[in-house]
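What follows is start-v6.tsv (TSV, C-alpha atoms).
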chain	number	residue	atom	x	y	z
A	30	MET	CA	42.80	13.36	200.05
A	31	GLN	CA	41.69	10.38	197.97
A	32	THR	CA	44.96	10.44	196.00
A	33	PHE	CA	46.88	10.31	199.28
A	34	LYS	CA	44.84	7.36	200.61
A	35	THR	CA	45.15	5.47	197.32
A	36	ASN	CA	48.92	6.00	197.19
A	37	VAL	CA	49.42	4.84	200.79
A	38	ILE	CA	47.38	1.67	200.21
A	39	ASN	CA	49.02	0.94	196.84
A	40	ILE	CA	52.49	1.20	198.37
A	41	HIS	CA	51.96	-0.23	201.86
A	42	GLY	CA	48.92	-2.52	201.47
A	43	GLU	CA	47.25	-3.67	204.70
A	44	ILE	CA	49.82	-1.82	206.83
A	45	GLY	CA	48.83	1.35	204.98
A	46	LYS	CA	45.13	0.77	205.63
A	47	ALA	CA	45.79	0.26	209.35
A	48	TRP	CA	47.97	3.39	209.51
A	49	LEU	CA	45.27	5.49	207.87
A	50	LEU	CA	42.76	4.30	210.46
A	51	ASP	CA	45.19	5.10	213.29
A	52	LEU	CA	46.07	8.60	212.02
A	53	PRO	CA	43.68	10.49	214.36
A	54	LYS	CA	45.22	8.76	217.41
A	55	ILE	CA	48.77	9.34	216.13
A	56	ILE	CA	48.07	13.04	215.55
A	57	ASN	CA	46.47	13.52	218.97
A	58	LYS	CA	49.42	11.85	220.71
A	59	ILE	CA	51.98	14.04	218.93
A	60	ALA	CA	49.88	17.18	219.42
A	61	ASN	CA	49.51	16.58	223.16
A	62	ALA	CA	53.21	15.81	223.60
A	63	ASN	CA	54.35	18.95	221.74
A	64	GLY	CA	51.68	21.51	222.52
A	65	LEU	CA	50.29	21.65	218.99
A	66	SER	CA	46.94	23.26	218.18
A	67	GLU	CA	44.64	24.17	215.28
A	68	LEU	CA	45.93	21.30	213.15
A	69	LYS	CA	44.40	21.18	209.68
A	70	PRO	CA	45.42	18.89	206.79
A	71	LEU	CA	46.75	20.49	203.63
A	72	TYR	CA	44.75	20.01	200.44
A	73	ASN	CA	47.40	18.65	198.04
A	74	LEU	CA	48.45	15.47	199.87
A	75	THR	CA	50.16	12.69	197.91
A	76	TYR	CA	52.34	10.30	199.95
A	77	ASN	CA	52.63	11.95	203.38
A	78	TYR	CA	50.00	13.32	205.75
A	79	VAL	CA	50.78	17.00	206.26
A	80	LEU	CA	48.99	19.42	208.57
A	81	SER	CA	49.39	23.10	209.36
A	82	GLY	CA	48.94	24.43	212.87
A	83	PHE	CA	50.65	26.12	215.78
A	84	ARG	CA	53.16	25.22	218.48
A	85	GLY	CA	52.27	27.80	221.05
A	86	GLU	CA	52.15	30.92	218.90
A	87	GLN	CA	54.62	29.64	216.29
A	88	PRO	CA	53.16	28.53	212.94
A	89	ILE	CA	54.23	24.95	212.20
A	90	ILE	CA	53.84	22.05	209.80
A	91	LEU	CA	53.34	18.51	211.10
A	92	LYS	CA	54.44	15.88	208.59
A	93	LEU	CA	53.63	12.19	209.11
A	94	SER	CA	54.76	9.24	207.01
A	95	LEU	CA	54.81	5.46	207.01
A	96	ASP	CA	58.15	5.69	205.24
A	97	ILE	CA	60.23	6.26	208.38
A	98	ASP	CA	63.57	5.86	206.61
A	99	GLY	CA	62.49	8.32	203.93
A	100	LEU	CA	61.38	10.89	206.49
A	101	ASN	CA	64.65	10.51	208.43
A	102	HIS	CA	66.57	11.05	205.20
A	103	GLU	CA	64.53	14.17	204.50
A	104	ALA	CA	65.42	15.46	207.97
A	105	LEU	CA	69.11	14.75	207.31
A	106	THR	CA	68.92	16.73	204.07
A	107	LEU	CA	67.06	19.65	205.67
A	108	LYS	CA	69.80	19.85	208.30
A	109	ALA	CA	72.46	19.91	205.57
A	110	PHE	CA	70.58	22.77	203.86
A	111	ALA	CA	69.76	24.52	207.16
A	112	SER	CA	71.77	27.69	206.42
A	113	PHE	CA	71.13	27.67	202.70
A	114	GLY	CA	67.41	28.30	202.30
A	115	ALA	CA	65.56	25.32	203.81
A	116	VAL	CA	62.74	25.30	206.36
A	117	LYS	CA	63.91	24.53	209.90
A	118	ILE	CA	63.23	21.30	211.80
A	119	LEU	CA	61.72	21.89	215.24
A	120	VAL	CA	61.08	18.30	216.35
A	121	GLN	CA	62.06	14.96	214.80
A	122	GLN	CA	60.81	11.51	215.79
A	123	ASP	CA	60.19	8.25	213.95
A	124	GLY	CA	57.52	8.81	211.34
A	125	ALA	CA	56.99	12.49	212.17
A	126	LEU	CA	58.56	15.91	211.68
A	127	ILE	CA	57.48	19.24	213.12
A	128	LEU	CA	58.76	22.01	210.86
A	129	GLU	CA	58.61	25.78	210.81
A	130	ARG	CA	55.80	26.95	208.54
A	131	ALA	CA	56.68	29.32	205.73
A	132	ILE	CA	54.65	32.56	205.76
A	133	SER	CA	52.85	33.34	203.45
A	134	GLY	CA	53.67	29.86	202.23
A	135	ILE	CA	52.61	30.59	198.65
A	136	SER	CA	54.42	28.29	196.22
A	137	LEU	CA	55.88	29.00	192.80
A	138	LYS	CA	52.99	27.00	191.36
A	139	SER	CA	50.96	30.21	191.75
A	140	TYR	CA	53.27	31.82	189.18
A	141	PHE	CA	52.22	29.39	186.45
A	142	PRO	CA	51.57	30.22	183.65
A	143	ASN	CA	51.56	34.03	183.80
A	144	LYS	CA	54.89	34.65	185.57
A	145	GLU	CA	57.06	32.01	183.93
A	146	ASN	CA	60.30	33.96	183.63
A	147	GLU	CA	59.99	35.41	187.13
A	148	ALA	CA	59.46	31.91	188.54
A	149	ILE	CA	62.56	30.64	186.73
A	150	GLU	CA	64.66	33.50	188.13
A	151	ILE	CA	63.43	32.77	191.68
A	152	ALA	CA	64.14	29.06	191.26
A	153	CYS	CA	67.66	29.82	189.98
A	154	ASN	CA	68.37	32.04	192.99
A	155	VAL	CA	67.15	29.27	195.30
A	156	ILE	CA	69.37	26.74	193.51
A	157	LYS	CA	72.46	28.97	193.66
A	158	LYS	CA	72.06	29.36	197.42
A	159	LEU	CA	71.12	25.73	198.05
A	160	HIS	CA	74.09	24.35	196.16
A	161	GLN	CA	76.54	26.15	198.41
A	162	ALA	CA	75.82	23.56	201.11
A	163	HIS	CA	78.61	21.17	202.03
A	164	SER	CA	77.80	17.83	203.60
A	165	PRO	CA	79.54	14.44	203.98
A	166	LYS	CA	78.76	12.70	200.70
A	167	GLN	CA	78.81	9.24	202.26
A	168	LYS	CA	75.49	10.02	203.96
A	169	PHE	CA	73.62	10.52	200.70
A	170	PRO	CA	72.87	8.36	197.65
A	171	TYR	CA	74.22	9.32	194.23
A	172	ILE	CA	72.03	9.91	191.19
A	173	GLU	CA	73.52	6.78	189.62
A	174	ASP	CA	71.97	4.81	192.48
A	175	TRP	CA	68.55	6.17	191.57
A	176	LEU	CA	69.12	5.67	187.85
A	177	ALA	CA	69.85	1.96	188.29
A	178	ALA	CA	66.05	1.58	188.20
A	179	LEU	CA	66.26	2.13	184.43
A	180	ASP	CA	68.03	-1.22	184.04
A	181	LYS	CA	64.95	-3.16	185.16
A	182	GLU	CA	62.56	-4.52	182.58
A	183	GLN	CA	59.50	-2.27	182.70
A	184	ASN	CA	56.23	-1.90	180.84
A	185	ILE	CA	57.70	1.05	178.94
A	186	PRO	CA	58.40	1.13	175.17
A	187	THR	CA	61.81	-0.37	174.45
A	188	ASN	CA	62.99	2.63	172.42
A	189	TYR	CA	62.39	4.95	175.38
A	190	LEU	CA	64.20	2.68	177.83
A	191	LYS	CA	67.11	2.23	175.46
A	192	LYS	CA	67.44	5.98	174.88
A	193	ALA	CA	67.18	6.75	178.61
A	194	ARG	CA	69.90	4.20	179.44
A	195	GLU	CA	72.25	5.50	176.75
A	196	LEU	CA	71.76	9.13	177.76
A	197	ARG	CA	72.17	8.24	181.44
A	198	ASP	CA	75.45	6.46	180.83
A	199	ARG	CA	76.87	9.29	178.74
A	200	LEU	CA	75.75	11.99	181.19
A	201	LEU	CA	77.21	10.14	184.19
A	202	GLN	CA	80.50	9.47	182.42
A	203	THR	CA	80.93	13.15	181.50
A	204	SER	CA	79.71	14.70	184.77
A	205	THR	CA	82.23	16.96	186.51
A	206	GLN	CA	80.09	17.96	189.53
A	207	GLN	CA	79.29	16.07	192.71
A	208	ILE	CA	77.18	18.36	194.90
A	209	LEU	CA	74.25	17.88	197.25
A	210	LEU	CA	70.99	18.32	195.34
A	211	HIS	CA	67.41	18.75	196.52
A	212	GLY	CA	66.43	16.00	194.09
A	213	ASP	CA	62.80	17.08	193.54
A	214	LEU	CA	62.90	20.85	193.24
A	215	HIS	CA	59.60	21.62	191.55
A	216	HIS	CA	57.17	24.53	192.02
A	217	ASP	CA	55.32	23.14	195.06
A	218	ASN	CA	58.60	22.64	196.92
A	219	ILE	CA	59.64	26.32	196.73
A	220	LEU	CA	57.65	28.49	199.16
A	221	GLN	CA	57.61	32.17	200.01
A	222	ASN	CA	58.73	32.84	203.58
A	223	ASN	CA	58.31	36.56	204.34
A	224	ASN	CA	60.77	38.25	201.94
A	225	ASN	CA	62.62	35.05	201.07
A	226	TRP	CA	61.97	31.76	199.32
A	227	VAL	CA	62.65	28.44	201.06
A	228	ILE	CA	62.63	24.79	200.05
A	229	ILE	CA	60.68	21.89	201.50
A	230	ASP	CA	60.56	18.12	200.89
A	231	PRO	CA	64.17	17.52	199.75
A	232	LYS	CA	65.14	14.02	198.63
A	233	GLY	CA	68.89	14.56	199.18
A	234	VAL	CA	71.05	13.08	196.42
A	235	ILE	CA	74.56	13.74	195.09
A	236	GLY	CA	74.91	14.77	191.47
A	237	GLU	CA	75.33	17.67	189.04
A	238	GLN	CA	73.42	20.93	188.89
A	239	ALA	CA	71.97	20.20	185.44
A	240	TYR	CA	70.10	17.26	187.00
A	241	GLU	CA	68.47	19.54	189.58
A	242	VAL	CA	66.52	21.77	187.21
A	243	SER	CA	64.67	18.96	185.43
A	244	ALA	CA	61.99	18.55	188.11
A	245	PHE	CA	61.03	22.21	187.76
A	246	ILE	CA	60.99	22.01	183.97
A	247	ARG	CA	58.41	19.19	183.91
A	248	ASN	CA	56.04	20.74	186.47
A	249	PRO	CA	53.46	21.66	187.67
A	250	LEU	CA	51.50	18.55	186.78
A	251	PRO	CA	48.87	18.18	185.43
A	252	GLU	CA	48.60	21.91	184.64
A	253	LEU	CA	51.66	21.90	182.40
A	254	LEU	CA	50.35	18.99	180.33
A	255	SER	CA	47.05	20.85	179.85
A	256	SER	CA	48.79	23.82	178.27
A	257	LYS	CA	48.52	24.27	174.51
A	258	ASN	CA	52.00	25.84	174.52
A	259	ILE	CA	53.76	23.09	176.45
A	260	LYS	CA	56.64	22.64	173.99
A	261	ASN	CA	57.36	26.38	173.96
A	262	ILE	CA	57.16	26.53	177.76
A	263	VAL	CA	59.54	23.60	178.20
A	264	SER	CA	61.98	24.91	175.58
A	265	ASN	CA	61.98	28.38	177.16
A	266	ARG	CA	62.68	26.87	180.59
A	267	ILE	CA	65.60	24.84	179.30
A	268	THR	CA	67.08	27.92	177.63
A	269	LYS	CA	66.55	30.20	180.66
A	270	PHE	CA	67.91	27.78	183.26
A	271	ALA	CA	70.94	27.04	181.10
A	272	LYS	CA	71.69	30.74	180.59
A	273	ILE	CA	71.23	31.85	184.21
A	274	LEU	CA	73.11	28.89	185.73
A	275	SER	CA	75.73	28.60	182.96
A	276	LEU	CA	74.65	25.08	182.01
A	277	ASP	CA	74.77	23.23	178.70
A	278	PRO	CA	71.15	23.40	177.39
A	279	MET	CA	71.50	20.06	175.60
A	280	ARG	CA	72.64	18.46	178.83
A	281	VAL	CA	69.62	19.89	180.63
A	282	GLN	CA	67.32	18.60	177.90
A	283	ASP	CA	68.85	15.12	178.05
A	284	TRP	CA	68.40	14.99	181.84
A	285	CYS	CA	64.75	15.99	181.36
A	286	PHE	CA	64.18	12.96	179.16
A	287	VAL	CA	66.04	10.59	181.49
A	288	GLN	CA	64.13	11.84	184.52
A	289	ALA	CA	60.77	11.54	182.77
A	290	VAL	CA	61.46	7.86	182.08
A	291	LEU	CA	62.78	7.38	185.62
A	292	ALA	CA	59.61	8.90	187.09
A	293	TRP	CA	57.61	6.56	184.84
A	294	THR	CA	59.47	3.54	186.25
A	295	TRP	CA	58.91	4.71	189.83
A	296	ALA	CA	55.19	5.20	189.18
A	297	LEU	CA	54.99	1.64	187.85
A	298	GLU	CA	56.82	0.29	190.91
A	299	ASP	CA	54.42	2.13	193.24
A	300	ASN	CA	51.32	1.05	191.30
A	301	CYS	CA	50.48	4.70	190.60
A	302	ASP	CA	49.05	6.39	187.52
A	303	THR	CA	51.70	6.62	184.78
A	304	ASN	CA	49.87	8.73	182.18
A	305	HIS	CA	51.59	12.00	183.08
A	306	PHE	CA	55.06	10.51	182.80
A	307	LYS	CA	54.22	8.76	179.54
A	308	LYS	CA	53.16	12.10	178.05
A	309	LEU	CA	56.22	13.90	179.44
A	310	THR	CA	58.52	11.28	177.95
A	311	GLU	CA	56.90	11.73	174.55
A	312	ILE	CA	57.27	15.53	174.76
A	313	PHE	CA	60.95	15.47	175.77
A	314	ASN	CA	61.63	12.80	173.15
A	315	ASN	CA	60.22	15.08	170.42
A	316	LEU	CA	61.95	18.32	171.43

Structure rendered as structure tokens:
Amino acid sequence: MQTFKTNVINIHGEIGKAWLLDLPKIINKIANANGLSELKPLYNLTYNYVLSGFRGEQPIILKLSLDIDGLNHEALTLKAFASFGAVKILVQQDGALILERAISGISLKSYFPNKENEAIEIACNVIKKLHQAHSPKQKFPYIEDWLAALDKEQNIPTNYLKKARELRDRLLQTSTQQILLHGDLHHDNILQNNNNWVIIDPKGVIGEQAYEVSAFIRNPLPELLSSKNIKNIVSNRITKFAKILSLDPMRVQDWCFVQAVLAWTWALEDNCDTNHFKKLTEIFNNL
């Protein structure tokens, strides 16, 4: 909970502080208007306030955010993925989403580190289904839009920035795919729903499939960074994803490095802790 509060205040300042104070009133208003009950906050909150509960007898998730545009974009992406393995939207309003709740709701994070290969196979099946979605590309940003952040001067070693920019340019110039991606498909965003697996929290961006797998490869944090076998784990993931999805393993590895530096720049912009991304960058640089 403290991480969530700190992130909101770091990003939104005084508006964030006021919103945090108003949260109980906001929740009560939405609950009364939609017949929600038994609302309880989830434990692993970061940027959004997320609660589980019920709408009548239906298990639901209530998601609240100060980033209204971001939440609306998430809703747009969930609708695009609606028939391809995403949780369903029940109610949408500014700053709030009511979603179906996955049951049992266990995430692929529970598979780490003892079921690595099984988790990779599940993630690949999710990706194959998800990437069948077709949606008007003009509604979504492209990965090159995100990667423009690498051109800013940042408090990141020059050699890392230079390498990330060069790899980015080469990868974009040689890309042959333009499909709708989740954009942040890590372990916590793949949940068990009865006999299936569904995705949550999509960012919605257009790019190539090799870009998609990088978020999974560098997670879960900080557990992955605490592992003594991190290089072997990461190398195995790159090899497995490339084999199952018929991707170029070197291309996957290069995207991992670029994304690690990109995440580092975003953490700096949001005044968040950068240590994890610094370590990840060093690891991918030394593979």

TODO: Point out the residue among A:Asn57, A:Gln288, A:Ser136, A:Ser81 with the least atom-to-atom distance to Tyr189 of chain A, counting only C-alpha atoms.
DONE: A:Gln288

Open item on the list: So that I can check the surroundings of segment 196-208 of chain A, please list as a PyMOL selection string every protein, DNA and RNA residue that reaches within 8 Å of it, counting all atoms listed in the file and ignoring chain neighbours fewer than 6 positions away.
Closed with: chain A and resi 160+163+173+176+235-238+280+283-284+287

Open item on the list: I'd like the neighbourhood of Val155 of chain A as a ChimeraX atom specification, where a residue qualifies if any of its atoms comes within 10 Å (using all atoms listed in the file), though same-chain residues fewer than 4 positions away should be ignored.
Closed with: /A:113-115,149-151,159-160,214,219,225-228

Deliver the residues from the most recent selection as a file, using C-alpha atoms, as a PDB file, in the frame of the given file.
ATOM      1  CA  PHE A 113      71.130  27.670 202.700  1.00  0.00           C
ATOM      2  CA  GLY A 114      67.410  28.300 202.300  1.00  0.00           C
ATOM      3  CA  ALA A 115      65.560  25.320 203.810  1.00  0.00           C
ATOM      4  CA  ILE A 149      62.560  30.640 186.730  1.00  0.00           C
ATOM      5  CA  GLU A 150      64.660  33.500 188.130  1.00  0.00           C
ATOM      6  CA  ILE A 151      63.430  32.770 191.680  1.00  0.00           C
ATOM      7  CA  LEU A 159      71.120  25.730 198.050  1.00  0.00           C
ATOM      8  CA  HIS A 160      74.090  24.350 196.160  1.00  0.00           C
ATOM      9  CA  LEU A 214      62.900  20.850 193.240  1.00  0.00           C
ATOM     10  CA  ILE A 219      59.640  26.320 196.730  1.00  0.00           C
ATOM     11  CA  ASN A 225      62.620  35.050 201.070  1.00  0.00           C
ATOM     12  CA  TRP A 226      61.970  31.760 199.320  1.00  0.00           C
ATOM     13  CA  VAL A 227      62.650  28.440 201.060  1.00  0.00           C
ATOM     14  CA  ILE A 228      62.630  24.790 200.050  1.00  0.00           C
TER      15      ILE A 228
END

TODO: Using atom CA of Phe33 of chain A and atom CA of Gly212 of chain A as the two end points, give the distance in Å to one decimal.
DONE: 21.0 Å

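The shell of residues at most 9 Å from segment 306-313 of chain A, with all atoms listed in the file counted and near chain neighbours (fewer than 6 positions) removed, consists of Ile185, Tyr189, Arg247, Leu254, Ile259, Lys260, Val263, Gln282, Asp283, Cys285, Phe286, Val287, Gln288, Ala289, Val290, Leu291, Ala292, Trp293, Thr294 and Ala296 of chain A.
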
Task: Pick from A:Ala193, A:Val79, A:Leu220, A:Ala111 nearest to Ile132 of chain A, counting all atoms listed in the file - done: A:Leu220

TODO: Find the residues around Phe110 of chain A up to 10 Å (only C-alpha atoms counted), leave out those fewer than 5 positions away in its own chain, and share them as JSON, numbers by chain.
DONE: {"A": [104, 105, 115, 116, 117, 158, 159, 160, 161, 162, 163, 164, 209, 210, 211, 228, 231, 233]}

TODO: In the coordinate frame of the file, compute which residues have an atom within 12 Å of (64.5, 16.9, 212.8) when using all atoms listed in the file, and state them as an NGL selection string.
DONE: :A and (91-92 or 100-109 or 111 or 116-129)

So that all listed atoms of segment 187-199 of chain A fit with 5 Å spare on each side, what axis-aligned box centre and edge lengths in Å, to one decimal, would you give as lines of an AutoDock Vina configuration file?
center_x = 69.3
center_y = 4.5
center_z = 176.9
size_x = 25.1
size_y = 19.7
size_z = 19.0

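Excluding segment 69-76 of chain A and any residue on its chain fewer than 2 positions from it, the residues at most 7 Å away by all atoms listed in the file are Met30, Thr32, Phe33, Asn36, Val37, Glu67, Tyr78, Val79, Leu80, Ser81 and Gly82 of chain A.
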
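Nearest-residue note for Ala47 of chain A: choosing from A:Leu179, A:Ala60, A:Ile262, A:Leu95, the minimum distance belongs to A:Leu95, counting only C-alpha atoms.
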